[in-house]
>>> print(open('start-v4.txt').read())   # compact mmCIF, C-alpha atoms
# COMPACT_ATOMS: atom_id res chain seq x y z
CA MET A 1 80.44 82.10 100.51
CA HIS A 2 81.56 83.10 104.01
CA GLU A 3 81.45 86.35 105.91
CA ILE A 4 84.29 88.69 105.11
CA ILE A 5 86.24 90.13 108.03
CA ILE A 6 87.90 93.50 107.40
CA GLN A 7 89.48 94.95 110.53
CA THR A 8 91.39 98.23 110.52
CA VAL A 9 92.41 100.65 113.23
CA ASP A 10 90.57 103.74 112.00
CA GLU A 11 87.99 104.90 109.45
CA LYS A 12 90.57 106.38 107.07
CA ASP A 13 92.39 103.05 106.87
CA PHE A 14 89.10 101.23 106.27
CA THR A 15 88.26 103.45 103.29
CA GLU A 16 91.74 102.96 101.85
CA VAL A 17 91.45 99.18 102.31
CA ILE A 18 88.17 99.04 100.37
CA PHE A 19 89.63 101.13 97.54
CA LEU A 20 92.75 98.92 97.48
CA LEU A 21 90.64 95.74 97.47
CA ILE A 22 88.82 97.03 94.39
CA ASP A 23 92.11 98.18 92.85
CA TYR A 24 93.34 94.62 93.29
CA ILE A 25 90.25 93.33 91.47
CA VAL A 26 90.57 95.65 88.47
CA GLU A 27 94.37 95.69 88.07
CA VAL A 28 95.82 93.46 85.38
CA PRO A 29 98.50 92.45 86.12
CA ARG A 30 97.98 92.65 89.85
CA SER A 31 100.55 94.69 91.69
CA GLN A 32 102.58 93.45 94.62
CA GLN A 33 102.65 97.02 95.94
CA CYS A 34 98.85 97.00 96.29
CA ARG A 35 98.95 93.63 98.04
CA ASP A 36 101.72 94.78 100.41
CA ARG A 37 99.81 97.94 101.37
CA LEU A 38 96.65 95.91 102.00
CA ALA A 39 98.58 93.51 104.21
CA GLN A 40 100.05 96.43 106.17
CA LEU A 41 96.66 98.10 106.74
CA LEU A 42 95.02 94.82 107.74
CA GLY A 43 97.91 93.81 110.00
CA LEU A 44 98.62 90.64 108.00
CA SER A 45 101.59 89.14 106.25
CA ALA A 46 101.60 89.78 102.49
CA SER A 47 101.96 86.05 101.91
CA SER A 48 99.43 84.90 104.52
CA ASP A 49 96.58 82.57 103.68
CA GLU A 50 94.21 84.94 105.48
CA LEU A 51 95.08 87.78 103.10
CA LYS A 52 94.70 85.47 100.07
CA ARG A 53 91.31 84.31 101.37
CA THR A 54 90.14 87.89 102.02
CA LEU A 55 91.21 88.99 98.52
CA LYS A 56 89.47 86.05 96.85
CA GLN A 57 86.28 86.35 98.92
CA PHE A 58 86.00 90.10 98.38
CA GLU A 59 86.64 89.72 94.65
CA THR A 60 83.98 87.02 94.32
CA LEU A 61 81.51 89.07 96.34
CA VAL A 62 82.06 92.28 94.35
CA LEU A 63 81.94 90.51 90.98
CA LYS A 64 78.67 88.78 91.89
CA TYR A 65 77.21 92.10 93.04
CA CYS A 66 78.36 93.93 89.90
CA VAL A 67 76.84 91.35 87.52
CA GLY A 68 73.57 91.27 89.48
CA GLU A 69 73.88 87.84 91.08
CA LEU A 70 73.73 89.53 94.48
CA ASP A 71 71.58 92.48 95.47
CA GLU A 72 72.43 95.03 98.14
CA ALA A 73 70.98 92.86 100.93
CA GLY A 74 72.95 89.86 99.67
CA LEU A 75 76.15 91.88 99.69
CA ARG A 76 75.44 93.12 103.21
CA SER A 77 74.79 89.55 104.38
CA HIS A 78 78.48 88.78 103.76
CA LEU A 79 79.56 91.88 105.69
CA VAL A 80 77.65 91.21 108.95
CA THR A 81 80.85 91.51 111.01
CA LEU A 82 81.01 95.19 110.01
CA PRO A 83 78.90 97.93 111.59
CA SER A 84 76.17 99.26 109.28
CA SER A 85 78.10 102.51 108.70
CA ARG A 86 81.03 100.53 107.30
CA GLN A 87 78.68 98.35 105.24
CA ASP A 88 77.29 101.59 103.79
CA GLN A 89 80.85 102.69 102.97
CA VAL A 90 81.60 99.41 101.21
CA LEU A 91 78.42 99.74 99.12
CA GLU A 92 79.15 103.35 98.28
CA ILE A 93 82.71 102.59 97.16
CA VAL A 94 81.72 99.47 95.21
CA ASN A 95 78.97 101.41 93.42
CA LEU A 96 81.43 104.21 92.72
CA ARG A 97 83.89 101.76 91.14
CA ARG A 98 81.27 99.53 89.47
CA LEU A 99 82.11 100.75 85.95
CA GLN A 100 85.78 99.84 86.39
CA VAL A 101 84.83 96.38 87.63
CA ALA A 102 82.49 95.93 84.66
CA ARG A 103 85.26 96.99 82.25
CA ARG A 104 87.59 94.43 83.82
CA LEU A 105 84.94 91.71 83.41
CA ILE A 106 84.41 92.64 79.76
CA ASP A 107 88.17 92.51 79.14
CA GLU A 108 88.43 89.12 80.86
CA VAL A 109 85.56 87.61 78.87
CA ASN A 110 87.00 89.04 75.66
CA ARG A 111 90.42 87.52 76.42
CA ARG A 112 88.92 84.12 77.27
CA GLU A 113 86.84 84.08 74.10
CA GLY A 114 89.89 84.91 71.98
CA GLY A 115 88.23 88.14 70.90
CA VAL A 116 89.75 91.08 69.16
CA PRO A 117 91.17 93.92 71.25
CA LEU A 118 88.54 96.37 72.49
CA VAL A 119 88.89 99.84 70.97
CA GLU A 120 89.29 102.66 73.47
CA SER A 121 89.66 105.47 70.94
CA PHE A 122 90.63 106.08 67.34
CA ASP A 123 92.41 108.67 65.29
CA TRP A 124 92.53 109.19 61.56
CA ASN A 125 94.69 111.09 59.16
CA LEU A 126 93.86 111.91 55.56
CA SER A 127 96.80 112.39 53.20
CA TRP A 128 97.50 112.78 49.50
CA VAL A 129 100.13 110.31 48.33
CA MET A 130 102.16 111.73 45.45
CA GLY A 131 104.37 108.69 44.77
CA SER A 132 105.39 105.29 45.99
CA SER A 133 108.37 102.99 45.83
CA SER A 134 106.87 101.22 42.82
CA LEU A 135 105.45 104.19 40.89
CA ALA A 136 106.94 107.68 41.09
CA SER A 137 103.86 109.46 39.73
CA LEU A 138 101.26 107.75 41.91
CA ARG A 139 98.63 110.23 43.06
CA LYS A 140 95.91 108.99 45.36
CA GLN A 141 94.20 109.84 48.59
CA LEU A 142 94.79 107.57 51.54
CA CYS A 143 93.29 107.61 55.00
CA THR A 144 95.26 106.08 57.83
CA MET A 145 93.15 104.78 60.73
CA VAL A 146 94.72 104.08 64.12
CA PHE A 147 92.73 102.30 66.83
CA ALA A 148 94.04 102.59 70.39
CA CYS A 149 93.01 99.38 72.14
CA ARG A 150 92.87 98.36 75.80
CA ASP A 151 95.04 95.28 75.52
CA ALA A 152 97.15 96.04 72.46
CA ASN A 153 99.18 99.14 71.74
CA SER A 154 97.33 100.06 68.57
CA ILE A 155 96.00 98.70 65.30
CA SER A 156 96.52 100.76 62.16
CA PHE A 157 95.55 100.38 58.51
CA GLU A 158 95.00 102.44 55.38
CA MET A 159 91.83 102.97 53.36
CA ASN A 160 91.30 104.43 49.92
CA ARG A 161 88.75 107.13 49.14
CA LYS A 162 85.93 104.67 48.37
CA GLN A 163 86.47 102.79 51.63
CA VAL A 164 86.45 106.06 53.59
CA GLU A 165 83.18 107.11 51.95
CA GLU A 166 81.64 103.71 52.80
CA LEU A 167 82.80 104.05 56.42
CA ILE A 168 81.33 107.55 56.71
CA SER A 169 78.07 106.34 55.18
CA GLU A 170 77.88 103.46 57.68
CA LEU A 171 78.60 105.81 60.60
CA GLU A 172 75.92 108.23 59.40
CA SER A 173 73.36 105.41 59.18
CA VAL A 174 74.20 104.36 62.75
CA ILE A 175 73.76 107.92 63.99
CA VAL A 176 70.40 108.24 62.22
CA SER A 177 69.13 104.94 63.70
CA VAL A 178 70.04 106.00 67.25
>>> encode(input="start-v4.txt", output="C-alpha cells")
Amino acid sequence: MHEIIIQTVDEKDFTEVIFLLIDYIVEVPRSQQCRDRLAQLLGLSASSDELKRTLKQFETLVLKYCVGELDEAGLRSHLVTLPSSRQDQVLEIVNLRRLQVARRLIDEVNRREGGVPLVESFDWNLSWVMGSSSLASLRKQLCTMVFACRDANSISFEMNRKQVEELISELESVIVSV
C-alpha cells in the first residue's frame, strides 16, 4: 500500500476531510454528496482518479487498522506526508469512529455470507385474542414480536403462551450464565 496524501488549506478542513473519508467508508449506499464535498475540500474533481485512489487507499488502511492487521505505527507509516499533529488527528478520529467501521464490516460479512438480518432492537406486545375469522369464540393469549433489523425494515411473528414462557426461560438462563 502507498502513502496517502491528504492536502487541505486549513486545520478545520482537514478534520472535516477525515470525518468525511470515514463517512464514505461506513455509508451504504455511498452518497454522492459526501464524495462531492470531499472533492471540494481536497481541490479535486469528484470524478478524478486521484480522488478514487485516495478513497480506496484510505478505506483499505482504516479497515486493516480496525481489524488489527495494522497497528498504530503501521497506520502512521502510510501517513508520512502528514505532520505528526495531523497523524495524531487521523488516529484520534479513526479510533473515535472505530465502532461504526466495525459495524459496517459485520454488516458486509453478514451480507456476503447470506446471513439473516442483524437485530438492532425488538419490541413485543402481549394481547388476548377473543375471536378469529375461523372461530368466533376463540380465546387465547398471543404475543407479537417485532425485530427492527439493520438491513430489513422489520421481522414480526406471533407466539403462543407456551412459546413465550420458553423464550423467557431461555433469556433468564442466559442472564444467569453471564
>>> residues_around(input="start-v4.txt", residues="Glu16 of chain A", least_positions_apart="6", cutoff="10 Å", atoms="all atoms listed in the file", output="list of chain:residue names")
A:Thr8, A:Ile22, A:Arg37, A:Leu38, A:Leu41
>>> closest_residue(input="start-v4.txt", among="A:Ser31, A:Asn95, A:Asn160, A:Gln89", to="Ile18 of chain A", atoms="only C-alpha atoms")
A:Gln89
>>> atom_distance(input="start-v4.txt", atom1="atom CA of Glu11 of chain A", atom2="atom CA of Glu69 of chain A")
28.8 Å
>>> axis_aligned_box(input="start-v4.txt", around="segment 4-7 of chain A", padding_each_side="8 Å", output="lines of an AutoDock Vina configuration file")
center_x = 86.9
center_y = 91.8
center_z = 107.8
size_x = 21.2
size_y = 22.3
size_z = 21.4
>>> closest_residue(input="start-v4.txt", among="A:Thr15, A:Ile93, A:Ile25, A:Arg30", to="Thr60 of chain A", atoms="all atoms listed in the file")
A:Ile25
>>> residues_around(input="start-v4.txt", residues="Val26 of chain A", least_positions_apart="2", cutoff="7 Å", atoms="all atoms listed in the file", output="PyMOL selection string")
chain A and resi 22-24+28+100-101+104
>>> write_last_selection(input="start-v4.txt", atoms="C-alpha atoms", output="JSON list (two decimals), in the coordinates of the input")
[["chain", "number", "residue", "atom", "x", "y", "z"],
["A", 22, "ILE", "CA", 88.82, 97.03, 94.39],
["A", 23, "ASP", "CA", 92.11, 98.18, 92.85],
["A", 24, "TYR", "CA", 93.34, 94.62, 93.29],
["A", 28, "VAL", "CA", 95.82, 93.46, 85.38],
["A", 100, "GLN", "CA", 85.78, 99.84, 86.39],
["A", 101, "VAL", "CA", 84.83, 96.38, 87.63],
["A", 104, "ARG", "CA", 87.59, 94.43, 83.82]]
>>> atom_distance(input="start-v4.txt", atom1="atom CA of Val94 of chain A", atom2="atom CA of Asp71 of chain A")
12.3 Å
>>> atom_distance(input="start-v4.txt", atom1="atom CA of Gln57 of chain A", atom2="atom CA of Glu3 of chain A")
8.5 Å
>>> decode(input="start-v4.txt", residues="segment 15-121 of chain A", atoms="C-alpha atoms", output="mmCIF file, in the first residue's frame")
data_model
loop_
_atom_site.group_PDB
_atom_site.id
_atom_site.type_symbol
_atom_site.label_atom_id
_atom_site.label_comp_id
_atom_site.auth_asym_id
_atom_site.auth_seq_id
_atom_site.Cartn_x
_atom_site.Cartn_y
_atom_site.Cartn_z
ATOM 1 C CA THR A 15 -10.687 17.437 10.297
ATOM 2 C CA GLU A 16 -13.792 17.562 8.108
ATOM 3 C CA VAL A 17 -11.998 15.599 5.369
ATOM 4 C CA ILE A 18 -11.049 12.802 7.785
ATOM 5 C CA PHE A 19 -14.622 12.589 9.105
ATOM 6 C CA LEU A 20 -15.966 12.557 5.526
ATOM 7 C CA LEU A 21 -13.481 9.859 4.488
ATOM 8 C CA ILE A 22 -14.763 7.674 7.324
ATOM 9 C CA ASP A 23 -18.370 8.592 6.492
ATOM 10 C CA TYR A 24 -17.667 7.365 2.977
ATOM 11 C CA ILE A 25 -16.373 4.063 4.388
ATOM 12 C CA VAL A 26 -19.383 3.403 6.634
ATOM 13 C CA GLU A 27 -22.184 4.700 4.382
ATOM 14 C CA VAL A 28 -24.166 2.109 2.476
ATOM 15 C CA PRO A 29 -25.114 3.150 -0.129
ATOM 16 C CA ARG A 30 -22.361 5.693 -0.554
ATOM 17 C CA SER A 31 -23.547 9.222 -1.093
ATOM 18 C CA GLN A 32 -22.519 11.415 -3.987
ATOM 19 C CA GLN A 33 -22.918 14.435 -1.698
ATOM 20 C CA CYS A 34 -20.155 13.113 0.582
ATOM 21 C CA ARG A 35 -17.906 12.454 -2.406
ATOM 22 C CA ASP A 36 -18.565 15.931 -3.852
ATOM 23 C CA ARG A 37 -17.752 17.645 -0.546
ATOM 24 C CA LEU A 38 -14.531 15.629 -0.235
ATOM 25 C CA ALA A 39 -13.522 16.606 -3.752
ATOM 26 C CA GLN A 40 -14.207 20.273 -2.976
ATOM 27 C CA LEU A 41 -12.150 20.249 0.244
ATOM 28 C CA LEU A 42 -9.266 18.397 -1.404
ATOM 29 C CA GLY A 43 -9.343 20.602 -4.508
ATOM 30 C CA LEU A 44 -10.048 17.654 -6.822
ATOM 31 C CA SER A 45 -12.671 16.770 -9.377
ATOM 32 C CA ALA A 46 -15.388 14.486 -7.999
ATOM 33 C CA SER A 47 -14.731 12.068 -10.853
ATOM 34 C CA SER A 48 -10.925 12.227 -10.758
ATOM 35 C CA ASP A 49 -8.790 9.124 -10.497
ATOM 36 C CA GLU A 50 -6.830 10.794 -7.699
ATOM 37 C CA LEU A 51 -9.963 11.092 -5.549
ATOM 38 C CA LYS A 52 -10.923 7.467 -6.299
ATOM 39 C CA ARG A 53 -7.414 6.330 -5.364
ATOM 40 C CA THR A 54 -7.435 8.360 -2.128
ATOM 41 C CA LEU A 55 -10.845 6.953 -1.134
ATOM 42 C CA LYS A 56 -9.788 3.374 -1.825
ATOM 43 C CA GLN A 57 -6.394 3.700 -0.113
ATOM 44 C CA PHE A 58 -7.856 5.364 2.973
ATOM 45 C CA GLU A 59 -10.628 2.769 3.197
ATOM 46 C CA THR A 60 -8.153 -0.111 2.929
ATOM 47 C CA LEU A 61 -5.876 1.486 5.515
ATOM 48 C CA VAL A 62 -8.669 2.146 8.033
ATOM 49 C CA LEU A 63 -10.213 -1.308 7.601
ATOM 50 C CA LYS A 64 -6.838 -3.001 8.143
ATOM 51 C CA TYR A 65 -6.250 -0.873 11.244
ATOM 52 C CA CYS A 66 -9.724 -1.578 12.638
ATOM 53 C CA VAL A 67 -9.405 -5.363 12.245
ATOM 54 C CA GLY A 68 -5.902 -5.365 13.763
ATOM 55 C CA GLU A 69 -3.866 -6.080 10.632
ATOM 56 C CA LEU A 70 -2.096 -2.753 11.164
ATOM 57 C CA ASP A 71 -1.029 -1.241 14.459
ATOM 58 C CA GLU A 72 -0.692 2.468 15.174
ATOM 59 C CA ALA A 73 2.867 2.594 13.801
ATOM 60 C CA GLY A 74 1.754 0.788 10.647
ATOM 61 C CA LEU A 75 -1.052 3.278 10.143
ATOM 62 C CA ARG A 76 1.324 6.190 10.655
ATOM 63 C CA SER A 77 3.761 4.709 8.128
ATOM 64 C CA HIS A 78 1.162 5.338 5.401
ATOM 65 C CA LEU A 79 0.658 8.920 6.562
ATOM 66 C CA VAL A 80 4.319 10.071 6.473
ATOM 67 C CA THR A 81 3.455 13.006 4.197
ATOM 68 C CA LEU A 82 1.425 14.479 7.075
ATOM 69 C CA PRO A 83 2.932 16.312 10.041
ATOM 70 C CA SER A 84 2.757 14.317 13.296
ATOM 71 C CA SER A 85 -0.024 16.569 14.646
ATOM 72 C CA ARG A 86 -2.223 15.637 11.674
ATOM 73 C CA GLN A 87 -1.276 11.964 12.027
ATOM 74 C CA ASP A 88 -2.435 12.230 15.651
ATOM 75 C CA GLN A 89 -5.714 13.739 14.437
ATOM 76 C CA VAL A 90 -6.253 10.915 11.962
ATOM 77 C CA LEU A 91 -5.642 8.320 14.694
ATOM 78 C CA GLU A 92 -7.927 10.097 17.122
ATOM 79 C CA ILE A 93 -10.775 10.326 14.609
ATOM 80 C CA VAL A 94 -10.340 6.748 13.371
ATOM 81 C CA ASN A 95 -10.363 5.469 16.968
ATOM 82 C CA LEU A 96 -13.428 7.591 17.672
ATOM 83 C CA ARG A 97 -15.267 6.063 14.705
ATOM 84 C CA ARG A 98 -13.869 2.525 15.083
ATOM 85 C CA LEU A 99 -17.176 1.085 16.319
ATOM 86 C CA GLN A 100 -19.015 2.379 13.236
ATOM 87 C CA VAL A 101 -16.366 0.875 10.962
ATOM 88 C CA ALA A 102 -16.629 -2.448 12.810
ATOM 89 C CA ARG A 103 -20.430 -2.406 12.448
ATOM 90 C CA ARG A 104 -20.065 -1.814 8.712
ATOM 91 C CA LEU A 105 -17.635 -4.752 8.443
ATOM 92 C CA ILE A 106 -20.028 -7.021 10.343
ATOM 93 C CA ASP A 107 -22.892 -5.991 8.055
ATOM 94 C CA GLU A 108 -20.757 -6.612 4.960
ATOM 95 C CA VAL A 109 -19.652 -10.067 6.105
ATOM 96 C CA ASN A 110 -23.229 -10.937 7.043
ATOM 97 C CA ARG A 111 -24.479 -9.869 3.592
ATOM 98 C CA ARG A 112 -21.751 -11.836 1.802
ATOM 99 C CA GLU A 113 -22.456 -14.956 3.833
ATOM 100 C CA GLY A 114 -26.173 -14.728 3.057
ATOM 101 C CA GLY A 115 -26.893 -14.320 6.754
ATOM 102 C CA VAL A 116 -30.068 -13.238 8.410
ATOM 103 C CA PRO A 117 -30.603 -9.540 9.127
ATOM 104 C CA LEU A 118 -28.874 -8.333 12.290
ATOM 105 C CA VAL A 119 -31.312 -7.271 15.009
ATOM 106 C CA GLU A 120 -30.886 -3.713 16.256
ATOM 107 C CA SER A 121 -33.777 -3.742 18.724
#
